[in-house]
file my_file.pdb (PDB, C-alpha atoms and all ligand atoms)
ATOM      1  CA  MET A   9     -60.942  32.659  32.283
ATOM      2  CA  PRO A  10     -59.235  32.675  28.906
ATOM      3  CA  SER A  11     -59.882  35.648  26.773
ATOM      4  CA  GLU A  12     -58.502  36.567  23.420
ATOM      5  CA  LYS A  13     -57.276  39.891  22.319
ATOM      6  CA  PHE A  14     -58.654  41.409  19.190
ATOM      7  CA  VAL A  15     -57.666  44.429  17.260
ATOM      8  CA  PHE A  16     -60.280  46.784  15.963
ATOM      9  CA  GLN A  17     -59.316  47.897  12.524
ATOM     10  CA  CYS A  18     -60.732  50.910  10.749
ATOM     11  CA  LYS A  19     -62.646  49.803   7.672
ATOM     12  CA  GLU A  20     -61.623  52.862   5.744
ATOM     13  CA  CYS A  21     -57.929  53.375   6.366
ATOM     14  CA  LYS A  22     -57.124  49.949   7.839
ATOM     15  CA  ALA A  23     -55.437  51.447  10.851
ATOM     16  CA  ASN A  24     -55.356  49.234  13.915
ATOM     17  CA  ASN A  25     -56.714  51.612  16.483
ATOM     18  CA  TYR A  26     -58.040  49.624  19.398
ATOM     19  CA  VAL A  27     -57.365  46.416  21.258
ATOM     20  CA  THR A  28     -60.090  44.615  23.089
ATOM     21  CA  ALA A  29     -60.411  41.283  24.803
ATOM     22  CA  LYS A  30     -63.422  39.082  24.695
ATOM     23  CA  ASN A  31     -64.467  35.634  25.671
ATOM     24  CA  ARG A  32     -64.668  33.636  22.482
ATOM     25  CA  GLN A  33     -67.273  31.307  23.888
ATOM     26  CA  ASN A  34     -69.715  34.110  24.494
ATOM     27  CA  VAL A  35     -69.200  36.145  21.379
ATOM     28  CA  ARG A  36     -68.879  34.253  18.138
ATOM     29  CA  ASP A  37     -69.888  36.925  15.717
ATOM     30  CA  ARG A  38     -67.518  39.346  14.219
ATOM     31  CA  LEU A  39     -67.787  42.592  16.030
ATOM     32  CA  THR A  40     -68.334  45.860  14.309
ATOM     33  CA  ARG A  41     -68.176  49.070  16.254
ATOM     34  CA  LYS A  42     -68.255  52.714  15.497
ATOM     35  CA  LYS A  43     -65.136  54.204  16.965
ATOM     36  CA  PHE A  44     -63.089  57.272  16.559
ATOM     37  CA  CYS A  45     -60.247  56.786  14.106
ATOM     38  CA  PRO A  46     -57.375  59.220  14.645
ATOM     39  CA  PRO A  47     -55.962  58.847  11.098
ATOM     40  CA  CYS A  48     -59.397  59.495   9.596
ATOM     41  CA  GLY A  49     -60.154  62.219  12.123
ATOM     42  CA  ARG A  50     -63.721  61.021  12.623
ATOM     43  CA  HIS A  51     -65.818  58.092  13.701
ATOM     44  CA  THR A  52     -65.693  55.167  11.321
ATOM     45  CA  GLU A  53     -66.696  51.548  11.403
ATOM     46  CA  HIS A  54     -64.156  49.255  12.971
ATOM     47  CA  THR A  55     -64.114  45.508  12.601
ATOM     48  CA  GLU A  56     -62.176  43.045  14.636
ATOM     49  CA  SER A  57     -59.060  41.567  13.138
ATOM     50  CA  ARG A  58     -57.707  38.395  14.651
ATOM     51  CA  ASN A  59     -54.526  38.192  12.693
ATOM     52  CA  LYS A  60     -53.099  41.542  13.534
ATOM     53  CA  THR A  61     -51.577  42.830  16.689
ATOM     54  CA  ILE A  62     -50.713  46.311  17.693
ATOM     55  CA  GLN A  63     -47.015  46.730  18.013
ATOM     56  CA  SER A  64     -46.085  48.213  21.325
ATOM     57  CA  LYS A  65     -43.025  50.057  20.111
TER      58      LYS A  65
HETATM   59 ZN    ZN A 101     -59.463  55.226   9.688
END
call {"tool": "encode", "arguments": {"input": "my_file.pdb", "output": "structure tokens"}}
result
Amino acid sequence: MPSEKFVFQCKECKANNYVTAKNRQNVRDRLTRKKFCPPCGRHTEHTESRNKTIQSK
């Protein structure tokens, strides 16, 4: 099944902290999750960002 990768971006510092994959057919809304942001040092809201990818280097 095709799934797309999304990056969860911290709303506060804009760091791309997490990558997740989801089935686009099942989930059409923009996801918002509370996740721990290392640069912020605390839990912040993260939103998915389609246009960004985490660089593996
Ligand atoms: Zn942050």
call {"tool": "resolve_selection", "arguments": {"input": "my_file.pdb", "expression": "the PyMOL selection byres (((chain A and resi 22-25) around 9) and not hetatm)", "output": "PDB file with C-alpha atoms, keeping the file's coordinate frame"}}
result
ATOM      1  CA  VAL A  15     -57.666  44.429  17.260  1.00  0.00           C
ATOM      2  CA  PHE A  16     -60.280  46.784  15.963  1.00  0.00           C
ATOM      3  CA  GLN A  17     -59.316  47.897  12.524  1.00  0.00           C
ATOM      4  CA  CYS A  18     -60.732  50.910  10.749  1.00  0.00           C
ATOM      5  CA  LYS A  19     -62.646  49.803   7.672  1.00  0.00           C
ATOM      6  CA  GLU A  20     -61.623  52.862   5.744  1.00  0.00           C
ATOM      7  CA  CYS A  21     -57.929  53.375   6.366  1.00  0.00           C
ATOM      8  CA  TYR A  26     -58.040  49.624  19.398  1.00  0.00           C
ATOM      9  CA  VAL A  27     -57.365  46.416  21.258  1.00  0.00           C
ATOM     10  CA  LYS A  43     -65.136  54.204  16.965  1.00  0.00           C
ATOM     11  CA  PHE A  44     -63.089  57.272  16.559  1.00  0.00           C
ATOM     12  CA  CYS A  45     -60.247  56.786  14.106  1.00  0.00           C
ATOM     13  CA  PRO A  46     -57.375  59.220  14.645  1.00  0.00           C
ATOM     14  CA  PRO A  47     -55.962  58.847  11.098  1.00  0.00           C
ATOM     15  CA  HIS A  54     -64.156  49.255  12.971  1.00  0.00           C
ATOM     16  CA  SER A  57     -59.060  41.567  13.138  1.00  0.00           C
ATOM     17  CA  LYS A  60     -53.099  41.542  13.534  1.00  0.00           C
ATOM     18  CA  THR A  61     -51.577  42.830  16.689  1.00  0.00           C
ATOM     19  CA  ILE A  62     -50.713  46.311  17.693  1.00  0.00           C
TER      20      ILE A  62
END
call {"tool": "axis_aligned_box", "arguments": {"input": "my_file.pdb", "around": "range 10-26 of chain A", "padding_each_side": "8 Å", "output": "JSON"}}
result
{"center_x": -59.0, "center_y": 43.0, "center_z": 17.3, "size_x": 23.3, "size_y": 36.7, "size_z": 39.2}
call {"tool": "atom_distance", "arguments": {"input": "my_file.pdb", "atom1": "CA of Pro10 in chain A", "atom2": "CA of Thr55 in chain A"}}
result
21.3 Å
call {"tool": "atom_distance", "arguments": {"input": "my_file.pdb", "atom1": "CA of Arg58 in chain A", "atom2": "CA of Lys13 in chain A"}}
result
7.8 Å
call {"tool": "atom_distance", "arguments": {"input": "my_file.pdb", "atom1": "CA of Glu12 in chain A", "atom2": "CA of His51 in chain A"}}
result
24.7 Å
call {"tool": "closest_residue", "arguments": {"input": "my_file.pdb", "among": "A:Ser11, A:Thr40, A:Glu56, A:Gly49", "to": "ligand ZN 101 (chain A)", "atoms": "all atoms listed in the file"}}
result
A:Gly49
call {"tool": "closest_residue", "arguments": {"input": "my_file.pdb", "among": "A:Glu53, A:Cys48, A:Lys42, A:Thr28", "to": "ligand ZN 101 (chain A)", "atoms": "only C-alpha atoms and all ligand atoms"}}
result
A:Cys48
